[in-house]
file structure-v2.cif (mmCIF, C-alpha atoms and all ligand atoms)
data_upload
loop_
_atom_site.label_atom_id
_atom_site.label_comp_id
_atom_site.auth_asym_id
_atom_site.auth_seq_id
_atom_site.Cartn_x
_atom_site.Cartn_y
_atom_site.Cartn_z
CA MET A 424 297.92 97.28 63.03
CA ASN A 425 294.46 97.17 64.49
CA SER A 426 294.45 94.09 66.73
CA ASP A 427 290.61 94.18 67.02
CA LYS A 428 290.47 93.08 63.40
CA TRP A 429 291.71 89.61 64.33
CA ARG A 430 289.66 89.07 67.45
CA ARG A 431 287.16 86.21 67.59
CA ARG A 432 283.64 87.50 67.35
CA GLU A 433 281.83 85.11 69.67
CA ALA A 434 281.84 85.50 73.46
CA PRO A 435 284.95 83.92 75.05
CA LEU A 436 282.79 81.60 77.22
CA ASP A 437 279.14 80.79 76.96
CA PRO A 438 277.46 81.51 80.35
CA LEU A 439 274.74 78.94 79.62
CA LEU A 440 277.30 76.22 79.01
CA LEU A 441 279.04 77.07 82.23
CA ALA A 442 275.74 76.99 84.12
CA ALA A 443 275.02 73.51 82.71
CA ALA A 444 278.49 72.37 83.74
CA VAL A 445 277.99 73.54 87.25
CA ALA A 446 274.52 71.97 87.52
CA SER A 447 275.72 68.47 86.70
CA GLY A 448 277.68 66.18 88.96
CA PRO A 449 280.86 64.21 88.36
CA HIS A 450 278.79 61.20 87.28
CA VAL A 451 277.61 63.07 84.19
CA THR A 452 280.09 63.41 81.36
CA ARG A 453 278.28 65.28 78.66
CA HIS A 454 281.15 67.72 78.42
CA HIS A 455 284.85 67.88 79.08
CA TYR A 456 284.74 69.57 82.43
CA HIS A 457 284.66 66.29 84.31
CA HIS A 458 287.02 64.39 82.05
CA VAL A 459 290.36 63.07 83.14
CA GLY A 460 292.96 65.77 83.04
CA HIS A 461 290.63 68.70 83.35
CA THR A 462 291.63 70.92 86.18
CA GLY A 463 288.09 71.85 87.15
CA ILE A 464 286.29 75.14 86.95
CA ASP A 465 287.59 78.31 88.42
CA PRO A 466 284.80 79.54 90.75
CA GLU A 467 285.98 83.07 90.46
CA MET A 468 285.39 83.05 86.74
CA ILE A 469 281.85 81.67 87.25
CA ASN A 470 281.15 84.40 89.78
CA LEU A 471 282.38 86.92 87.31
CA LEU A 472 280.31 85.63 84.41
CA LEU A 473 277.09 84.66 86.19
CA GLY A 474 277.13 87.24 88.92
CA GLU A 475 276.42 84.48 91.43
CA GLU A 476 278.29 83.26 94.43
CA VAL A 477 279.73 79.78 93.75
CA HIS A 478 281.96 78.19 96.33
CA ASP A 479 284.97 76.11 95.60
CA ASP A 480 283.14 73.09 96.94
CA GLU A 481 283.76 69.39 96.58
CA ALA A 482 281.44 68.98 93.58
CA ILE A 483 283.57 71.22 91.44
CA ARG A 484 286.94 69.95 92.58
CA ALA A 485 285.89 66.27 92.87
CA PRO A 486 288.24 63.85 91.13
CA PRO A 487 286.85 62.74 87.77
CA PRO A 488 285.39 59.21 87.54
CA ARG A 489 287.59 56.45 86.18
CA TYR A 490 286.50 54.50 83.14
CA VAL A 491 287.24 50.85 82.66
CA SER A 492 287.00 49.28 79.18
CA ARG A 493 284.55 46.40 78.94
CA GLN A 494 286.28 45.18 75.80
CA ALA A 495 289.06 42.60 75.89
CA PRO A 496 292.54 43.70 74.79
CA ARG A 497 293.07 43.71 71.03
CA SER A 498 295.49 40.74 71.12
CA GLN A 499 292.82 38.68 72.89
CA ARG A 500 290.10 39.74 70.41
CA LEU A 501 292.31 38.83 67.41
CA LYS A 502 292.99 35.43 68.89
CA ASP A 503 289.25 34.82 69.41
CA GLU A 504 288.53 35.99 65.89
CA LEU A 505 291.04 33.58 64.38
CA SER A 506 289.72 30.60 66.29
CA SER A 507 286.11 31.44 65.42
CA ASN A 508 287.07 31.75 61.72
CA ASP A 509 288.47 28.23 61.83
CA GLN A 510 285.13 26.99 63.08
CA THR A 511 283.07 28.79 60.41
CA THR A 512 285.00 27.72 57.31
CA THR A 513 282.56 24.88 56.74
CA THR A 514 279.50 27.12 57.16
CA THR A 515 277.22 27.12 54.15
CA THR A 516 276.11 30.34 52.54
CA SER A 517 272.50 29.79 53.46
CA SER A 518 273.33 30.08 57.13
CA ILE A 519 273.89 33.80 56.81
CA LEU A 520 270.39 34.61 57.95
CA VAL A 521 270.32 32.10 60.78
CA THR A 522 271.31 33.15 64.26
CA SER A 523 271.28 30.63 66.99
CA PRO A 524 269.43 31.80 70.10
CA THR A 525 271.80 29.75 72.25
CA ASP A 526 274.76 31.85 71.08
CA GLU A 527 275.46 33.59 74.36
CA LYS A 528 278.10 36.22 74.01
CA SER A 529 280.61 36.75 76.72
CA ASP A 530 281.90 40.21 77.40
CA ASN A 531 285.17 39.42 75.70
CA SER A 532 283.80 37.99 72.44
CA VAL A 533 283.51 39.83 69.14
CA ASP A 534 281.14 39.01 66.27
CA PRO A 535 282.82 36.86 63.62
CA PRO A 536 282.63 38.34 60.12
CA PRO A 537 279.68 36.93 58.14
CA PRO A 538 280.62 34.22 55.63
CA VAL A 539 280.95 35.45 52.06
CA VAL A 540 277.86 34.74 49.99
CA LYS A 541 278.96 32.73 46.98
CA LEU A 542 276.75 33.24 43.95
CA VAL A 543 276.41 31.22 40.80
CA ASP A 544 277.54 32.82 37.55
CA PRO A 545 274.97 33.79 34.93
CA PRO A 546 274.72 31.52 31.92
CA ALA A 547 277.06 32.36 29.03
CA PHE A 548 275.72 33.95 25.86
CA ASP A 549 275.10 31.60 22.97
CA PRO A 550 278.15 32.12 20.70
CA VAL A 551 276.33 30.73 17.68
CA ARG A 552 273.55 33.28 17.72
CA GLN A 553 274.38 36.48 15.84
CA ASP A 554 271.63 38.64 17.30
CA ILE A 555 271.95 40.98 20.27
CA GLN A 556 271.68 39.07 23.55
CA VAL A 557 271.14 40.65 26.95
CA GLN A 558 271.24 39.17 30.45
CA CYS A 559 269.81 40.90 33.51
CA LEU A 560 272.36 40.37 36.30
CA SER A 561 270.49 41.97 39.18
CA ARG A 562 267.37 43.84 40.12
CA ALA A 563 266.75 45.96 43.20
CA ARG A 564 264.06 48.26 44.57
CA ILE A 565 265.02 51.92 44.57
CA PRO A 566 262.79 54.40 46.38
CA THR A 567 262.50 57.67 44.45
CA PRO A 568 260.62 60.93 45.11
CA HIS A 569 257.97 59.61 42.69
CA GLY A 570 257.64 56.18 44.31
CA PRO A 571 259.57 52.91 44.24
CA VAL A 572 261.15 51.71 41.01
CA PHE A 573 263.01 48.49 40.21
CA LEU A 574 266.45 49.03 38.77
CA HIS A 575 267.59 46.21 36.47
CA LEU A 576 271.25 45.95 35.50
CA TYR A 577 272.08 44.25 32.20
CA ARG A 578 275.11 42.93 30.41
CA ASN A 579 275.10 42.18 26.71
CA ASN A 580 277.14 40.53 23.96
CA ARG A 581 277.87 43.78 22.09
CA ASP A 582 279.70 46.07 24.51
CA ASP A 583 280.98 45.96 28.08
CA LYS A 584 278.69 48.67 29.42
CA GLU A 585 276.13 48.18 32.17
CA HIS A 586 272.90 49.28 30.53
CA LEU A 587 269.93 49.67 32.84
CA ALA A 588 266.17 49.40 32.93
CA ILE A 589 264.18 51.44 35.45
CA VAL A 590 260.90 49.58 35.85
CA VAL A 591 257.80 51.11 37.42
CA ASP A 592 255.22 48.48 38.28
CA ALA A 593 253.00 49.57 41.14
CA GLU A 594 250.76 46.51 40.94
CA GLU A 595 253.68 44.15 41.15
CA ARG A 596 254.93 45.96 44.23
CA GLN A 597 251.55 45.58 45.96
CA HIS A 598 251.21 42.02 44.80
CA ARG A 599 254.66 41.11 46.03
CA ASP A 600 254.02 42.71 49.41
CA ALA A 601 250.81 40.70 49.73
CA SER A 602 252.55 37.46 48.72
CA ASP A 603 255.36 38.06 51.17
CA SER A 604 252.94 38.39 54.04
CA GLU A 605 251.11 35.21 53.06
CA SER A 606 252.63 31.82 53.48
CA SER A 607 253.71 30.66 50.05
CA ASP A 608 255.00 27.26 50.99
CA ASP A 609 252.66 25.58 48.56
CA GLY A 610 255.31 26.04 45.88
CA GLU A 611 252.85 27.87 43.64
CA ASP A 612 253.65 31.35 42.48
CA HIS A 613 251.18 34.11 43.17
CA PHE A 614 251.59 35.90 39.89
CA ASP A 615 249.05 34.00 37.86
CA ASP A 616 246.53 36.76 37.35
CA LEU A 617 248.58 39.79 36.36
CA PRO A 618 251.16 40.02 33.61
CA HIS A 619 253.91 41.91 35.37
CA ILE A 620 257.02 43.49 33.96
CA ILE A 621 259.50 40.79 34.92
CA SER A 622 262.90 40.00 33.48
CA ARG A 623 263.01 36.59 31.91
CA SER A 624 266.81 36.30 31.95
CA LEU A 625 266.96 37.22 35.65
CA ASN A 626 264.29 34.77 36.75
CA ASN A 627 265.30 31.79 34.64
CA VAL A 628 267.23 29.07 36.43
CA TRP A 629 270.90 29.96 35.91
CA ASN A 630 272.46 26.83 37.24
CA SER A 631 271.19 23.55 38.65
CA HIS A 632 273.15 24.29 41.86
CA GLU A 633 271.66 27.70 42.48
CA THR A 634 270.14 28.23 45.92
CA LYS A 635 267.24 30.30 47.12
CA MET A 636 269.82 32.73 48.48
CA ASP A 637 271.36 33.04 45.00
CA ARG A 638 268.01 34.03 43.58
CA LEU A 639 267.15 36.47 46.35
CA VAL A 640 270.51 38.23 46.24
CA ARG A 641 270.26 38.83 42.51
CA GLY A 642 266.67 40.07 42.93
CA ALA A 643 264.85 37.19 41.26
CA GLN A 644 261.71 35.56 42.63
CA SER A 645 262.69 33.02 45.26
CA LYS A 646 261.19 30.12 43.32
CA PRO A 647 261.37 29.59 39.58
CA PHE A 648 257.95 30.00 38.05
CA LYS A 649 256.00 26.81 37.60
CA ASN A 650 254.17 26.55 34.36
CA LYS A 651 250.77 24.99 34.18
CA ASN A 652 251.84 23.36 30.91
CA LYS A 653 254.59 21.44 32.70
CA SER A 654 257.27 23.70 31.28
CA SER A 655 259.70 25.44 33.58
CA SER A 656 260.20 28.37 31.25
CA LEU A 657 259.18 31.69 32.71
CA SER A 658 258.92 33.11 29.23
CA LEU A 659 256.05 30.81 28.38
CA HIS A 660 254.35 31.48 31.64
CA ASN A 661 254.51 35.19 32.15
CA HIS A 662 255.23 36.43 28.68
CA GLN A 663 252.51 34.50 26.95
CA LYS A 664 250.14 37.03 28.43
CA ILE A 665 250.37 40.25 26.54
CA ILE A 666 251.46 43.11 28.73
CA PRO A 667 249.25 46.10 27.92
CA PRO A 668 251.08 48.81 25.96
CA SER A 669 253.33 50.47 28.51
CA LEU A 670 254.84 53.91 28.68
CA VAL A 671 258.47 53.51 27.64
CA ARG A 672 261.30 55.97 27.40
CA ILE A 673 264.63 55.18 25.82
CA HIS A 674 267.00 57.49 27.64
CA SER A 675 270.69 57.94 26.91
CA GLU A 676 273.10 58.70 29.72
CA CYS A 677 274.04 62.35 30.19
CA TYR A 678 276.59 62.82 32.96
CA THR A 679 276.64 66.59 32.65
CA GLY A 680 272.88 67.09 32.62
CA GLU A 681 271.89 64.43 35.16
CA ILE A 682 274.70 64.57 37.70
CA ILE A 683 276.00 68.11 37.72
CA GLY A 684 272.84 69.82 36.53
CA SER A 685 274.29 71.27 33.35
CA MET A 686 272.01 73.80 31.72
CA ARG A 687 273.35 73.05 28.26
CA CYS A 688 270.62 70.41 27.91
CA ASP A 689 267.44 69.18 29.58
CA CYS A 690 268.32 65.49 30.08
CA GLY A 691 268.08 65.54 33.90
CA SER A 692 264.59 66.97 33.97
CA GLN A 693 263.47 64.67 31.15
CA LEU A 694 264.58 61.59 33.08
CA SER A 695 262.88 62.72 36.25
CA GLU A 696 259.69 63.62 34.38
CA ALA A 697 259.61 60.23 32.66
CA ILE A 698 259.75 58.41 36.01
CA ARG A 699 257.10 60.74 37.42
CA LEU A 700 254.69 60.11 34.52
CA MET A 701 255.19 56.34 34.78
CA SER A 702 254.61 56.42 38.53
CA LEU A 703 251.38 58.36 37.98
CA GLN A 704 250.20 55.68 35.55
CA GLY A 705 251.53 52.91 37.79
CA ARG A 706 253.58 51.28 35.06
CA GLY A 707 256.38 51.96 32.63
CA VAL A 708 260.01 51.38 31.74
CA VAL A 709 262.94 53.73 31.22
CA VAL A 710 265.66 51.92 29.32
CA TYR A 711 268.80 53.79 30.34
CA LEU A 712 271.54 53.33 27.77
CA ARG A 713 275.13 54.18 28.58
CA GLN A 714 275.74 56.17 25.43
CA GLU A 715 276.89 59.56 26.60
CA GLY A 716 276.66 62.58 24.32
CA ARG A 717 274.48 61.01 21.64
CA GLY A 718 276.86 58.07 21.56
CA ILE A 719 280.16 59.94 21.12
CA GLY A 720 281.33 59.56 24.74
CA LEU A 721 282.07 62.09 27.45
CA LEU A 722 285.50 63.10 26.13
CA SER A 723 284.21 64.00 22.66
CA LYS A 724 281.18 65.63 24.24
CA LEU A 725 283.36 68.01 26.24
CA ARG A 726 285.35 68.85 23.10
CA ALA A 727 282.08 69.46 21.27
CA TYR A 728 281.03 71.85 24.04
CA ASN A 729 284.20 73.86 23.43
CA LEU A 730 283.41 73.97 19.73
CA GLN A 731 279.90 75.11 20.58
CA ASP A 732 281.36 77.95 22.61
CA MET A 733 283.23 78.94 19.45
CA GLY A 734 280.00 79.18 17.47
CA HIS A 735 279.07 75.62 16.45
CA ASP A 736 275.72 74.11 17.25
CA THR A 737 275.30 70.59 18.70
CA VAL A 738 275.11 68.99 15.26
CA THR A 739 277.99 70.78 13.48
CA ALA A 740 280.24 70.35 16.55
CA ASN A 741 279.82 66.56 16.40
CA LEU A 742 280.47 66.56 12.65
CA ALA A 743 283.59 68.72 13.11
CA LEU A 744 284.98 66.09 15.49
CA GLY A 745 284.49 63.36 12.90
CA HIS A 746 281.41 61.89 14.59
CA GLY A 747 277.91 61.48 13.29
CA ALA A 748 275.27 63.98 14.42
CA ASP A 749 273.71 61.15 16.42
CA GLU A 750 275.52 57.85 17.00
CA ARG A 751 273.02 56.31 19.37
CA ARG A 752 271.80 52.80 18.66
CA TYR A 753 268.69 51.15 20.02
CA GLY A 754 269.25 47.44 19.40
CA ILE A 755 270.20 46.78 23.04
CA ALA A 756 267.15 48.73 24.22
CA THR A 757 264.93 46.55 22.06
CA ALA A 758 266.55 43.39 23.46
CA ILE A 759 266.03 44.65 27.03
CA LEU A 760 262.34 45.40 26.35
CA ASP A 761 261.98 41.93 24.87
CA ASP A 762 263.56 40.43 28.00
CA LEU A 763 261.00 42.32 30.09
CA GLY A 764 258.20 40.94 27.95
CA ILE A 765 257.28 44.32 26.45
CA HIS A 766 256.41 44.25 22.78
CA GLN A 767 253.88 47.04 22.50
CA ILE A 768 254.89 50.45 23.74
CA ARG A 769 253.72 54.00 24.11
CA LEU A 770 257.00 55.73 23.38
CA LEU A 771 257.72 58.85 25.38
CA THR A 772 259.76 61.02 23.01
CA ASN A 773 259.84 64.10 20.84
CA ASN A 774 262.38 62.55 18.51
CA PRO A 775 260.85 61.18 15.27
CA GLU A 776 264.08 59.31 14.46
CA LYS A 777 263.80 57.35 17.68
CA VAL A 778 260.28 56.29 16.67
CA ILE A 779 261.57 55.05 13.32
CA ALA A 780 264.62 53.36 14.89
CA MET A 781 262.52 51.47 17.45
CA ALA A 782 259.94 50.45 14.84
CA THR A 783 262.75 49.16 12.59
CA GLU A 784 263.99 47.04 15.50
CA GLY A 785 260.62 45.32 15.65
CA ILE A 786 258.97 47.17 18.54
CA ASN A 787 255.31 47.90 18.04
CA ILE A 788 254.79 51.58 18.88
CA VAL A 789 251.08 52.06 19.42
CA GLU A 790 251.44 55.71 20.38
CA ARG A 791 254.03 58.46 20.58
CA VAL A 792 253.59 60.37 23.84
CA PRO A 793 255.12 63.87 23.77
CA MET A 794 257.81 64.49 26.34
CA ILE A 795 257.17 67.83 27.95
CA PRO A 796 259.68 68.28 30.75
CA PRO A 797 258.72 70.61 33.58
CA PRO A 798 259.88 74.18 33.08
CA GLN A 799 263.43 74.59 34.24
CA THR A 800 265.66 77.57 34.51
CA ARG A 801 266.22 78.68 30.94
CA SER A 802 269.63 79.69 29.76
CA GLU A 803 271.06 80.93 26.51
CA ASP A 804 272.85 77.57 26.08
CA LEU A 805 269.67 75.57 26.66
CA ASP A 806 267.66 77.70 24.22
CA LYS A 807 270.30 77.17 21.56
CA TYR A 808 270.35 73.42 22.25
CA LEU A 809 266.56 73.10 22.00
CA ARG A 810 266.47 75.30 18.88
CA THR A 811 268.99 72.99 17.15
CA LYS A 812 266.93 69.95 18.18
CA ILE A 813 263.88 71.47 16.47
CA ASP A 814 265.56 72.96 13.39
CA LYS A 815 268.13 70.30 12.56
CA MET A 816 266.85 67.07 14.11
CA GLY A 817 263.12 67.52 13.56
CA HIS A 818 262.15 67.24 17.24
CA MET A 819 258.50 67.90 17.88
CA LEU A 820 258.86 70.60 20.52
CA SER A 821 257.39 74.01 21.00
CA LEU A 822 259.56 76.65 22.58
ZN ZN A 901 272.15 66.08 28.31
#
call {"tool": "encode", "arguments": {"input": "structure-v2.cif", "output": "structure tokens"}}
result
Amino acid sequence: MNSDKWRRREAPLDPLLLAAAVASGPHVTRHHYHHVGHTGIDPEMINLLLGEEVHDDEAIRAPPPRYVSRQAPRSQRLKDELSSNDQTTTTTTSSILVTSPTDEKSDNSVDPPPPVVKLVDPPAFDPVRQDIQVQCLSRARIPTPHGPVFLHLYRNNRDDKEHLAIVVDAEERQHRDASDSESSDDGEDHFDDLPHIISRSLNNVWNSHETKMDRLVRGAQSKPFKNKNKSSSLSLHNHQKIIPPSLVRIHSECYTGEIIGSMRCDCGSQLSEAIRLMSLQGRGVVVYLRQEGRGIGLLSKLRAYNLQDMGHDTVTANLALGHGADERRYGIATAILDDLGIHQIRLLTNNPEKVIAMATEGINIVERVPMIPPPQTRSEDLDKYLRTKIDKMGHMLSL
């Protein structure tokens, strides 16, 4: 057997590394040569590698420095932690942001864990009402390559899925930044002039005991809006102003296309393009519905893919599995848009059925904006998918 085949390819010792080791003293511990247990450097090997005369002097053979832990033993730290927990059990949630300047830390102390922030529950849905009800549970800023968006997470009274709204509102962002830098202790909100895209259910008062911290953690404005007409309802205040028709896309979840970049469809690039277009215009909403595979779910979608590989198209594969060609529903999307105060939209879609479905749900579509995703790598699967969309589902696309 040729033993060269198994030899390591790099040099056995890096001369530069050795030179650096020699140049430093025992007080420097960037590398292992001075660590406890290391036997030191063989001067003969350095001579051999560097071609220089290095003596076996004190610097090389000096005993390594000793390190002493500045932390107390674990048993001591656990004891301290337990006693400090006893003292903080009565701490209120609002104290989380307060640090006392007189809190001098000794070398042996450890930081106590922050108290758990207790939040009020959202109000229950009205059991008497038969219509679709949604409740925004939280809202947070998400920076994207196209600019910041506000992700809203909803629950509803129809299914247990977390449907989402991706809100682009550049003016609100600027306005909020400006308000934050000003002192707003006058109790007046600073949103009088512009009708922003704001969730009513998120910003309403959830509970008479809710704190400012409650509101901030869920992403609501710190103070409930005060209405000039002596009403505390945000809906009357913000939503009475008509939000100009906004660019809206109703997008259904596609794990395969958005997460693993499947080239069987173009959902990932459509989602990204929608956010980009809205960011360019400074305003818009993507309602992101958790209805995978045109509403049939991921399991059926994968089975449908196998049928497609046997010759079916996207429509006949769904039918062969006992599903409808398209089982998506838009009632929850309509309720979310209503919660955001959006009643007139410019719908970003190529799907005429979506236009009809949204109009039936009571949304005023002032314009259909064609969705032209940026060119992506074409594949045989994608071409077939787009062809079926045009031929069988009437999508307004040009290939
Ligand atoms: Zn897809």
call {"tool": "atom_distance", "arguments": {"input": "structure-v2.cif", "atom1": "atom CA of His766 of chain A", "atom2": "atom CA of Ser675 of chain A"}}
result
20.2 Å
call {"tool": "residues_near_ligand", "arguments": {"input": "structure-v2.cif", "ligand": "ligand ZN 901 (chain A)", "cutoff": "9 Å", "atoms": "all atoms listed in the file", "output": "ChimeraX atom specification"}}
result
/A:675-681,685-691,715-717
call {"tool": "closest_residue", "arguments": {"input": "structure-v2.cif", "among": "A:Leu440, A:Leu730, A:Ala697, A:Met636", "to": "Ile795 of chain A", "atoms": "only C-alpha atoms"}}
result
A:Ala697
call {"tool": "residues_around", "arguments": {"input": "structure-v2.cif", "residues": "Tyr728 of chain A", "least_positions_apart": "6", "cutoff": "9 Å", "atoms": "all atoms listed in the file", "output": "NGL selection string"}}
result
:A and (687 or 735-737 or 740)
call {"tool": "write_last_selection", "arguments": {"input": "structure-v2.cif", "atoms": "C-alpha atoms", "output": "compact mmCIF listing (two decimals), in the coordinates of the input"}}
result
# COMPACT_ATOMS: atom_id res chain seq x y z
CA ARG A 687 273.35 73.05 28.26
CA HIS A 735 279.07 75.62 16.45
CA ASP A 736 275.72 74.11 17.25
CA THR A 737 275.30 70.59 18.70
CA ALA A 740 280.24 70.35 16.55
call {"tool": "closest_residue", "arguments": {"input": "structure-v2.cif", "among": "A:Asn774, A:Thr757, A:Ile621, A:Val533", "to": "Pro496 of chain A", "atoms": "all atoms listed in the file"}}
result
A:Val533
call {"tool": "closest_residue", "arguments": {"input": "structure-v2.cif", "among": "A:Met701, A:Val738, A:Ala588, A:Met816", "to": "Ile673 of chain A", "atoms": "all atoms listed in the file"}}
result
A:Ala588
call {"tool": "axis_aligned_box", "arguments": {"input": "structure-v2.cif", "around": "segment 618-635 of chain A", "padding_each_side": "6 Å", "output": "JSON"}}
result
{"center_x": 262.2, "center_y": 33.5, "center_z": 39.5, "size_x": 34.0, "size_y": 31.9, "size_z": 27.2}
call {"tool": "closest_residue", "arguments": {"input": "structure-v2.cif", "among": "A:Gln693, A:Asp732, A:Gln494, A:Ser669", "to": "Glu803 of chain A", "atoms": "all atoms listed in the file"}}
result
A:Asp732
call {"tool": "closest_residue", "arguments": {"input": "structure-v2.cif", "among": "A:Asp592, A:Glu504, A:Glu784, A:Glu750", "to": "Ile620 of chain A", "atoms": "all atoms listed in the file"}}
result
A:Asp592
call {"tool": "atom_distance", "arguments": {"input": "structure-v2.cif", "atom1": "atom CA of Ile786 of chain A", "atom2": "atom CA of Arg699 of chain A"}}
result
23.3 Å
call {"tool": "closest_residue", "arguments": {"input": "structure-v2.cif", "among": "A:Leu809, A:Val543, A:Met733, A:Ile755", "to": "Ser631 of chain A", "atoms": "all atoms listed in the file"}}
result
A:Val543
call {"tool": "atom_distance", "arguments": {"input": "structure-v2.cif", "atom1": "atom CA of Glu790 of chain A", "atom2": "atom CA of Arg769 of chain A"}}
result
4.7 Å
call {"tool": "residues_around", "arguments": {"input": "structure-v2.cif", "residues": "His674 of chain A", "least_positions_apart": "6", "cutoff": "7 Å", "atoms": "all atoms listed in the file", "output": "mmCIF file with C-alpha atoms, keeping the file's coordinate frame"}}
result
data_model
loop_
_atom_site.group_PDB
_atom_site.id
_atom_site.type_symbol
_atom_site.label_atom_id
_atom_site.label_comp_id
_atom_site.auth_asym_id
_atom_site.auth_seq_id
_atom_site.Cartn_x
_atom_site.Cartn_y
_atom_site.Cartn_z
ATOM 1 C CA VAL A 709 262.940 53.730 31.220
ATOM 2 C CA VAL A 710 265.660 51.920 29.320
ATOM 3 C CA TYR A 711 268.800 53.790 30.340
ATOM 4 C CA LEU A 712 271.540 53.330 27.770
#
call {"tool": "residues_around", "arguments": {"input": "structure-v2.cif", "residues": "Ile719 of chain A", "least_positions_apart": "4", "cutoff": "10 Å", "atoms": "only C-alpha atoms", "output": "list in words"}}
result
Gln714, Glu715, Ser723, Lys724, Ala727, Asn741, Leu744, Gly745, His746, Gly747, Ala748, Asp749, Glu750 and Arg751 of chain A
call {"tool": "decode", "arguments": {"input": "structure-v2.cif", "residues": "segment 769-780 of chain A", "atoms": "N, CA and C atoms", "output": "mmCIF file, in the first residue's frame"}}
result
data_model
loop_
_atom_site.group_PDB
_atom_site.id
_atom_site.type_symbol
_atom_site.label_atom_id
_atom_site.label_comp_id
_atom_site.auth_asym_id
_atom_site.auth_seq_id
_atom_site.Cartn_x
_atom_site.Cartn_y
_atom_site.Cartn_z
ATOM 1 N N ARG A 769 -55.790 47.822 -3.764
ATOM 2 C CA ARG A 769 -55.264 47.559 -5.105
ATOM 3 C C ARG A 769 -54.666 46.166 -4.995
ATOM 4 N N LEU A 770 -55.385 45.186 -5.521
ATOM 5 C CA LEU A 770 -55.029 43.785 -5.274
ATOM 6 C C LEU A 770 -53.932 43.327 -6.233
ATOM 7 N N LEU A 771 -52.866 42.833 -5.629
ATOM 8 C CA LEU A 771 -51.714 42.373 -6.395
ATOM 9 C C LEU A 771 -51.915 40.882 -6.687
ATOM 10 N N THR A 772 -52.382 40.567 -7.869
ATOM 11 C CA THR A 772 -52.640 39.161 -8.213
ATOM 12 C C THR A 772 -52.795 38.980 -9.719
ATOM 13 N N ASN A 773 -52.597 37.746 -10.143
ATOM 14 C CA ASN A 773 -52.913 37.385 -11.528
ATOM 15 C C ASN A 773 -54.136 36.486 -11.570
ATOM 16 N N ASN A 774 -54.693 36.207 -10.397
ATOM 17 C CA ASN A 774 -55.737 35.199 -10.276
ATOM 18 C C ASN A 774 -57.119 35.858 -10.273
ATOM 19 N N PRO A 775 -57.888 35.704 -11.358
ATOM 20 C CA PRO A 775 -59.201 36.374 -11.421
ATOM 21 C C PRO A 775 -60.164 35.856 -10.344
ATOM 22 N N GLU A 776 -59.975 34.592 -9.938
ATOM 23 C CA GLU A 776 -60.885 34.043 -8.914
ATOM 24 C C GLU A 776 -60.676 34.719 -7.564
ATOM 25 N N LYS A 777 -59.429 35.123 -7.326
ATOM 26 C CA LYS A 777 -59.141 35.795 -6.056
ATOM 27 C C LYS A 777 -59.829 37.168 -6.041
ATOM 28 N N VAL A 778 -59.844 37.816 -7.209
ATOM 29 C CA VAL A 778 -60.515 39.116 -7.310
ATOM 30 C C VAL A 778 -61.996 38.962 -6.977
ATOM 31 N N ILE A 779 -62.608 37.920 -7.563
ATOM 32 C CA ILE A 779 -64.043 37.692 -7.331
ATOM 33 C C ILE A 779 -64.289 37.335 -5.861
ATOM 34 N N ALA A 780 -63.403 36.445 -5.323
ATOM 35 C CA ALA A 780 -63.589 36.002 -3.937
ATOM 36 C C ALA A 780 -63.497 37.179 -2.967
#
